[in-house]
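Printed here is target.pdb (PDB, C-alpha atoms):
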```pdb
ATOM      1  CA  MET A   1       0.000   0.000   0.000
ATOM      2  CA  THR A   2       1.309   3.429  -1.001
ATOM      3  CA  GLY A   3       2.688   5.584   1.855
ATOM      4  CA  ALA A   4       3.120   2.688   4.341
ATOM      5  CA  VAL A   5       6.116   2.870   6.670
ATOM      6  CA  ASP A   6       8.266  -0.218   7.287
ATOM      7  CA  ALA A   7       8.037  -0.935  11.047
ATOM      8  CA  GLY A   8      11.622  -2.216  11.012
ATOM      9  CA  LYS A   9      13.135   1.094   9.792
ATOM     10  CA  PRO A  10      13.219   4.652  11.129
ATOM     11  CA  ALA A  11      10.817   7.086   9.515
ATOM     12  CA  GLY A  12      13.716   8.640   7.547
ATOM     13  CA  GLY A  13      14.398   5.321   5.855
ATOM     14  CA  GLU A  14      17.946   4.894   7.278
ATOM     15  CA  GLU A  15      19.151   1.576   8.648
ATOM     16  CA  PRO A  16      19.869   1.632  12.446
ATOM     17  CA  SER A  17      23.571   1.772  13.268
ATOM     18  CA  VAL A  18      23.731  -1.509  15.154
ATOM     19  CA  GLY A  19      27.528  -1.600  15.385
ATOM     20  CA  GLU A  20      28.095   1.858  16.844
ATOM     21  CA  ARG A  21      27.534   1.006  20.541
ATOM     22  CA  PRO A  22      29.836  -2.046  20.595
ATOM     23  CA  ARG A  23      32.567   0.031  18.920
ATOM     24  CA  ALA A  24      32.176   2.729  21.588
ATOM     25  CA  VAL A  25      32.285   0.243  24.473
ATOM     26  CA  ALA A  26      35.096  -1.920  23.119
ATOM     27  CA  PRO A  27      37.958   0.423  24.201
ATOM     28  CA  TRP A  28      36.628   0.424  27.773
ATOM     29  CA  ILE A  29      36.466  -3.365  27.821
ATOM     30  CA  ALA A  30      40.046  -3.530  26.569
ATOM     31  CA  LEU A  31      41.136  -1.072  29.276
ATOM     32  CA  VAL A  32      39.461  -3.082  32.033
ATOM     33  CA  ILE A  33      41.079  -6.296  30.792
ATOM     34  CA  ALA A  34      44.483  -4.593  30.663
ATOM     35  CA  VAL A  35      44.130  -3.316  34.234
ATOM     36  CA  VAL A  36      43.066  -6.742  35.518
ATOM     37  CA  MET A  37      45.918  -8.510  33.732
ATOM     38  CA  THR A  38      48.429  -5.971  35.052
ATOM     39  CA  GLY A  39      47.134  -6.529  38.571
ATOM     40  CA  LEU A  40      47.462 -10.287  38.218
ATOM     41  CA  PHE A  41      50.997  -9.915  36.889
ATOM     42  CA  VAL A  42      52.021  -7.731  39.835
ATOM     43  CA  LEU A  43      50.411 -10.192  42.231
ATOM     44  CA  LEU A  44      52.249 -13.145  40.726
ATOM     45  CA  VAL A  45      55.586 -11.344  40.733
ATOM     46  CA  SER A  46      55.059 -10.301  44.332
ATOM     47  CA  ALA A  47      54.152 -13.832  45.397
ATOM     48  CA  ASP A  48      57.155 -15.262  43.598
ATOM     49  CA  SER A  49      59.574 -12.843  45.262
ATOM     50  CA  GLY A  50      58.952 -14.540  48.596
ATOM     51  CA  GLY A  51      59.964 -11.572  50.706
ATOM     52  CA  GLY A  52      56.980 -11.770  53.001
ATOM     53  CA  GLU A  53      54.990  -8.817  54.251
ATOM     54  CA  ASN A  54      54.988  -7.192  57.675
ATOM     55  CA  ALA A  55      51.493  -7.245  59.127
ATOM     56  CA  GLU A  56      49.756  -5.500  61.982
ATOM     57  CA  SER A  57      48.658  -7.329  65.120
ATOM     58  CA  PRO A  58      47.385  -6.253  68.541
ATOM     59  CA  LEU A  59      50.188  -8.416  69.947
ATOM     60  CA  LEU A  60      52.973  -6.211  68.574
ATOM     61  CA  GLY A  61      54.812  -4.445  71.375
ATOM     62  CA  ARG A  62      53.190  -6.651  74.002
ATOM     63  CA  PRO A  63      54.340  -9.783  75.868
ATOM     64  CA  ALA A  64      53.944 -12.903  73.759
ATOM     65  CA  PRO A  65      50.878 -15.000  74.579
ATOM     66  CA  GLU A  66      51.205 -18.286  76.405
ATOM     67  CA  ALA A  67      52.625 -20.905  74.072
ATOM     68  CA  VAL A  68      53.263 -24.390  75.387
ATOM     69  CA  GLY A  69      53.373 -27.744  73.672
ATOM     70  CA  THR A  70      55.346 -30.863  72.871
ATOM     71  CA  LEU A  71      58.187 -31.012  70.383
ATOM     72  CA  LEU A  72      58.502 -33.642  67.694
ATOM     73  CA  ASP A  73      61.130 -35.420  69.818
ATOM     74  CA  GLY A  74      58.766 -35.585  72.799
ATOM     75  CA  THR A  75      60.298 -32.841  74.942
ATOM     76  CA  ASN A  76      58.261 -29.947  76.317
ATOM     77  CA  PHE A  77      58.158 -26.464  74.831
ATOM     78  CA  ASP A  78      57.306 -23.276  76.717
ATOM     79  CA  LEU A  79      57.882 -19.960  74.965
ATOM     80  CA  SER A  80      57.983 -18.065  78.258
ATOM     81  CA  GLN A  81      61.096 -20.036  79.214
ATOM     82  CA  ARG A  82      62.988 -18.722  76.185
ATOM     83  CA  LYS A  83      63.405 -15.190  77.584
ATOM     84  CA  GLY A  84      66.941 -13.925  77.207
ATOM     85  CA  SER A  85      67.131 -14.998  73.567
ATOM     86  CA  TRP A  86      65.680 -13.750  70.310
ATOM     87  CA  VAL A  87      63.045 -16.241  69.219
ATOM     88  CA  VAL A  88      61.656 -16.745  65.717
ATOM     89  CA  ILE A  89      58.578 -18.934  65.353
ATOM     90  CA  ASN A  90      57.169 -20.074  62.031
ATOM     91  CA  PHE A  91      53.658 -21.492  61.693
ATOM     92  CA  PHE A  92      53.372 -24.032  58.880
ATOM     93  CA  ARG A  93      51.757 -27.161  57.478
ATOM     94  CA  ALA A  94      53.385 -29.872  55.372
ATOM     95  CA  ASP A  95      51.018 -29.554  52.394
ATOM     96  CA  CYS A  96      51.137 -25.746  52.255
ATOM     97  CA  ALA A  97      52.743 -24.638  48.959
ATOM     98  CA  PRO A  98      54.266 -21.373  50.290
ATOM     99  CA  CYS A  99      55.572 -23.305  53.311
ATOM    100  CA  ILE A 100      57.330 -25.736  50.996
ATOM    101  CA  ALA A 101      58.674 -22.875  48.870
ATOM    102  CA  GLU A 102      60.126 -20.961  51.821
ATOM    103  CA  HIS A 103      61.672 -23.987  53.554
ATOM    104  CA  PRO A 104      65.122 -23.763  51.884
ATOM    105  CA  ASP A 105      65.312 -20.130  53.020
ATOM    106  CA  LEU A 106      64.462 -21.162  56.566
ATOM    107  CA  VAL A 107      67.186 -23.811  56.509
ATOM    108  CA  SER A 108      69.698 -21.177  55.397
ATOM    109  CA  PHE A 109      68.460 -18.660  57.967
ATOM    110  CA  VAL A 110      68.814 -21.147  60.814
ATOM    111  CA  ASN A 111      72.360 -21.924  59.660
ATOM    112  CA  ASP A 112      73.105 -18.181  59.593
ATOM    113  CA  GLN A 113      71.843 -17.791  63.152
ATOM    114  CA  ASP A 114      73.755 -20.844  64.374
ATOM    115  CA  ALA A 115      76.935 -19.271  63.004
ATOM    116  CA  LEU A 116      76.371 -16.275  65.314
ATOM    117  CA  GLY A 117      76.655 -18.456  68.387
ATOM    118  CA  THR A 118      74.899 -17.067  71.468
ATOM    119  CA  ASP A 119      73.918 -13.946  69.507
ATOM    120  CA  GLY A 120      71.867 -15.977  67.047
ATOM    121  CA  ALA A 121      68.097 -16.308  67.260
ATOM    122  CA  GLU A 122      66.403 -19.521  68.318
ATOM    123  CA  PHE A 123      64.059 -20.910  65.667
ATOM    124  CA  TYR A 124      60.940 -23.023  66.181
ATOM    125  CA  SER A 125      58.379 -24.394  63.743
ATOM    126  CA  ILE A 126      54.793 -24.576  64.993
ATOM    127  CA  VAL A 127      52.714 -27.240  63.242
ATOM    128  CA  VAL A 128      49.152 -26.217  62.351
ATOM    129  CA  ASN A 129      46.647 -29.045  61.835
ATOM    130  CA  ASP A 130      48.991 -31.746  60.592
ATOM    131  CA  SER A 131      50.084 -35.251  61.543
ATOM    132  CA  ARG A 132      53.369 -36.550  62.911
ATOM    133  CA  GLU A 133      53.834 -38.749  59.843
ATOM    134  CA  ASP A 134      53.454 -35.858  57.408
ATOM    135  CA  ILE A 135      55.783 -33.597  59.404
ATOM    136  CA  GLU A 136      58.477 -36.251  59.752
ATOM    137  CA  GLU A 137      58.286 -36.946  56.014
ATOM    138  CA  PHE A 138      58.435 -33.199  55.288
ATOM    139  CA  PHE A 139      61.713 -32.736  57.173
ATOM    140  CA  ALA A 140      63.177 -36.040  55.972
ATOM    141  CA  GLU A 141      62.728 -34.922  52.359
ATOM    142  CA  ARG A 142      63.667 -31.247  52.723
ATOM    143  CA  GLY A 143      66.128 -31.086  55.586
ATOM    144  CA  GLY A 144      66.118 -28.750  58.534
ATOM    145  CA  ASP A 145      67.338 -29.470  62.047
ATOM    146  CA  TRP A 146      65.519 -27.333  64.599
ATOM    147  CA  PRO A 147      62.779 -27.844  67.202
ATOM    148  CA  VAL A 148      59.298 -28.495  65.830
ATOM    149  CA  VAL A 149      56.274 -28.000  68.087
ATOM    150  CA  LEU A 150      53.910 -30.764  67.007
ATOM    151  CA  GLU A 151      51.277 -30.845  69.746
ATOM    152  CA  HIS A 152      50.084 -27.659  71.402
ATOM    153  CA  GLU A 153      47.129 -25.857  72.934
ATOM    154  CA  GLN A 154      46.192 -23.790  69.874
ATOM    155  CA  ILE A 155      49.259 -21.574  69.780
ATOM    156  CA  ASP A 156      48.157 -20.490  66.307
ATOM    157  CA  VAL A 157      44.868 -19.210  67.734
ATOM    158  CA  ALA A 158      46.670 -17.338  70.517
ATOM    159  CA  PHE A 159      48.765 -15.534  67.899
ATOM    160  CA  GLY A 160      45.802 -14.915  65.600
ATOM    161  CA  VAL A 161      47.231 -16.880  62.690
ATOM    162  CA  ALA A 162      44.769 -16.938  59.801
ATOM    163  CA  LEU A 163      46.816 -18.584  57.039
ATOM    164  CA  VAL A 164      50.154 -20.349  57.009
ATOM    165  CA  PRO A 165      52.953 -19.611  56.716
ATOM    166  CA  GLU A 166      53.357 -16.859  59.289
ATOM    167  CA  THR A 167      56.586 -15.884  61.009
ATOM    168  CA  TRP A 168      56.872 -14.012  64.303
ATOM    169  CA  ILE A 169      59.876 -12.567  66.111
ATOM    170  CA  ILE A 170      59.989 -12.181  69.898
ATOM    171  CA  ASP A 171      62.723 -10.179  71.610
ATOM    172  CA  PRO A 172      64.807 -11.329  74.618
ATOM    173  CA  SER A 173      62.330  -9.644  76.972
ATOM    174  CA  GLY A 174      59.525 -11.834  75.625
ATOM    175  CA  VAL A 175      57.861  -9.005  73.693
ATOM    176  CA  VAL A 176      56.422  -9.567  70.206
ATOM    177  CA  GLN A 177      58.264  -7.352  67.714
ATOM    178  CA  VAL A 178      57.433  -8.533  64.187
ATOM    179  CA  ARG A 179      54.748 -10.451  62.336
ATOM    180  CA  ILE A 180      55.468 -11.522  58.753
ATOM    181  CA  ILE A 181      52.733 -13.106  56.662
ATOM    182  CA  SER A 182      53.169 -15.337  53.615
ATOM    183  CA  ARG A 183      56.383 -16.863  52.327
ATOM    184  CA  VAL A 184      59.499 -15.253  53.798
ATOM    185  CA  SER A 185      63.077 -15.179  52.507
ATOM    186  CA  GLU A 186      66.404 -15.742  54.232
ATOM    187  CA  GLU A 187      67.481 -12.225  53.291
ATOM    188  CA  ARG A 188      64.338 -10.658  54.722
ATOM    189  CA  LEU A 189      64.748 -12.504  58.011
ATOM    190  CA  ASN A 190      68.440 -11.681  58.360
ATOM    191  CA  ILE A 191      67.897  -7.990  57.618
ATOM    192  CA  THR A 192      64.962  -7.818  60.027
ATOM    193  CA  MET A 193      66.938  -9.538  62.777
ATOM    194  CA  GLN A 194      69.881  -7.172  62.318
ATOM    195  CA  GLN A 195      67.607  -4.132  62.513
ATOM    196  CA  LEU A 196      65.901  -5.468  65.618
ATOM    197  CA  ARG A 197      69.188  -6.220  67.359
ATOM    198  CA  GLU A 198      70.474  -2.717  66.675
ATOM    199  CA  ALA A 199      67.257  -1.098  67.909
ATOM    200  CA  TYR A 200      67.161  -3.313  71.008
ATOM    201  CA  ALA A 201      70.749  -2.478  71.914
ATOM    202  CA  ALA A 202      70.287   1.289  71.458
TER     203      ALA A 202
END
```

As structure tokens, the full file:
Amino acid sequence: MTGAVDAGKPAGGEEPSVGERPRAVAPWIALVIAVVMTGLFVLLVSADSGGGENAESPLLGRPAPEAVGTLLDGTNFDLSQRKGSWVVINFFRADCAPCIAEHPDLVSFVNDQDALGTDGAEFYSIVVNDSREDIEEFFAERGGDWPVVLEHEQIDVAFGVALVPETWIIDPSGVVQVRIISRVSEERLNITMQQLREAYAA
């Protein structure tokens, strides 16, 4: 019929520009993807560096909480009896990937501290929800000769540990000085210990 208007077209007879909106949005989508990918890259690089990250805690600057238990060799452990020495405690589990990754650094750090004689820090591993068999296998495969607290009255809860690994440093007066979350490196621990010793002696 003459004069009828096609319902699928604008009154002017022009085709709708279907592709215009996707072309306008596409650059924003690309930008968002780029930002996300950059963030993931930074996160992966940071995780791989293994330096660890200092974290806040209400325990910092205060006496360490009660921490008693039984070592892997059956002897008793009581953190309060370690006053007079720097103490480093590391919370871990045998199937924890960052724990496995940081272990060679811990072995080297303990050797570094042993070389300092009486000035070196004492080091203890605190097992979190793991079995004797798994822990013994862990150390048999990866080395490491230091006290391991296997059974304890929720020392991890007392320190507010959310995820392993976590590393804490207690000064000779029994005061909590540092909390490091995630995988930690030998270099980071040695530098931190040196800084703490200098500040403590000042």

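Counting only C-alpha atoms and comparing A:Val157, A:Val88, A:Val107, A:Cys96, the residue that lies closest to Phe123 of chain A is A:Val88.
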
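Comparing the minimum interatomic distances between Phe159 of chain A and each of A:Thr118, A:Gln81, A:Ser57, A:Asn190, counting all atoms listed in the file, we find that A:Ser57 sits nearest.
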
Could you tell me which residues the PyMOL selection byres ((chain A and resi 194-201) around 12) returns for this structure, as number ranges by chain?
A: 85-87, 112-113, 116, 119-121, 169-173, 175-178, 187-193, 202

Save out the residues we just selected, C-alpha atoms, as a PDB file, in the coordinates of the input.
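Writing the result to part_35.pdb gives the following:
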```
ATOM      1  CA  SER A  85      67.131 -14.998  73.567  1.00  0.00           C
ATOM      2  CA  TRP A  86      65.680 -13.750  70.310  1.00  0.00           C
ATOM      3  CA  VAL A  87      63.045 -16.241  69.219  1.00  0.00           C
ATOM      4  CA  ASP A 112      73.105 -18.181  59.593  1.00  0.00           C
ATOM      5  CA  GLN A 113      71.843 -17.791  63.152  1.00  0.00           C
ATOM      6  CA  LEU A 116      76.371 -16.275  65.314  1.00  0.00           C
ATOM      7  CA  ASP A 119      73.918 -13.946  69.507  1.00  0.00           C
ATOM      8  CA  GLY A 120      71.867 -15.977  67.047  1.00  0.00           C
ATOM      9  CA  ALA A 121      68.097 -16.308  67.260  1.00  0.00           C
ATOM     10  CA  ILE A 169      59.876 -12.567  66.111  1.00  0.00           C
ATOM     11  CA  ILE A 170      59.989 -12.181  69.898  1.00  0.00           C
ATOM     12  CA  ASP A 171      62.723 -10.179  71.610  1.00  0.00           C
ATOM     13  CA  PRO A 172      64.807 -11.329  74.618  1.00  0.00           C
ATOM     14  CA  SER A 173      62.330  -9.644  76.972  1.00  0.00           C
ATOM     15  CA  VAL A 175      57.861  -9.005  73.693  1.00  0.00           C
ATOM     16  CA  VAL A 176      56.422  -9.567  70.206  1.00  0.00           C
ATOM     17  CA  GLN A 177      58.264  -7.352  67.714  1.00  0.00           C
ATOM     18  CA  VAL A 178      57.433  -8.533  64.187  1.00  0.00           C
ATOM     19  CA  GLU A 187      67.481 -12.225  53.291  1.00  0.00           C
ATOM     20  CA  ARG A 188      64.338 -10.658  54.722  1.00  0.00           C
ATOM     21  CA  LEU A 189      64.748 -12.504  58.011  1.00  0.00           C
ATOM     22  CA  ASN A 190      68.440 -11.681  58.360  1.00  0.00           C
ATOM     23  CA  ILE A 191      67.897  -7.990  57.618  1.00  0.00           C
ATOM     24  CA  THR A 192      64.962  -7.818  60.027  1.00  0.00           C
ATOM     25  CA  MET A 193      66.938  -9.538  62.777  1.00  0.00           C
ATOM     26  CA  ALA A 202      70.287   1.289  71.458  1.00  0.00           C
TER      27      ALA A 202
END
```

Among the residues A:Asp73, A:Glu66, A:Asp156, A:Glu186, the one that comes closest to Ile126 of chain A [using all atoms listed in the file]:
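Going through A:Asp73, A:Glu66, A:Asp156, A:Glu186 one by one, the smallest distance to Ile126 of chain A is for A:Asp156.
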
Assuming 6 Å of padding per side, give the centre and edge lengths of the axis-aligned box around every listed atom of segment 63-66 of chain A, in Å to one decimal and as lines of an AutoDock Vina configuration file.
```
center_x = 52.6
center_y = -14.0
center_z = 75.1
size_x = 15.5
size_y = 20.5
size_z = 14.6
```
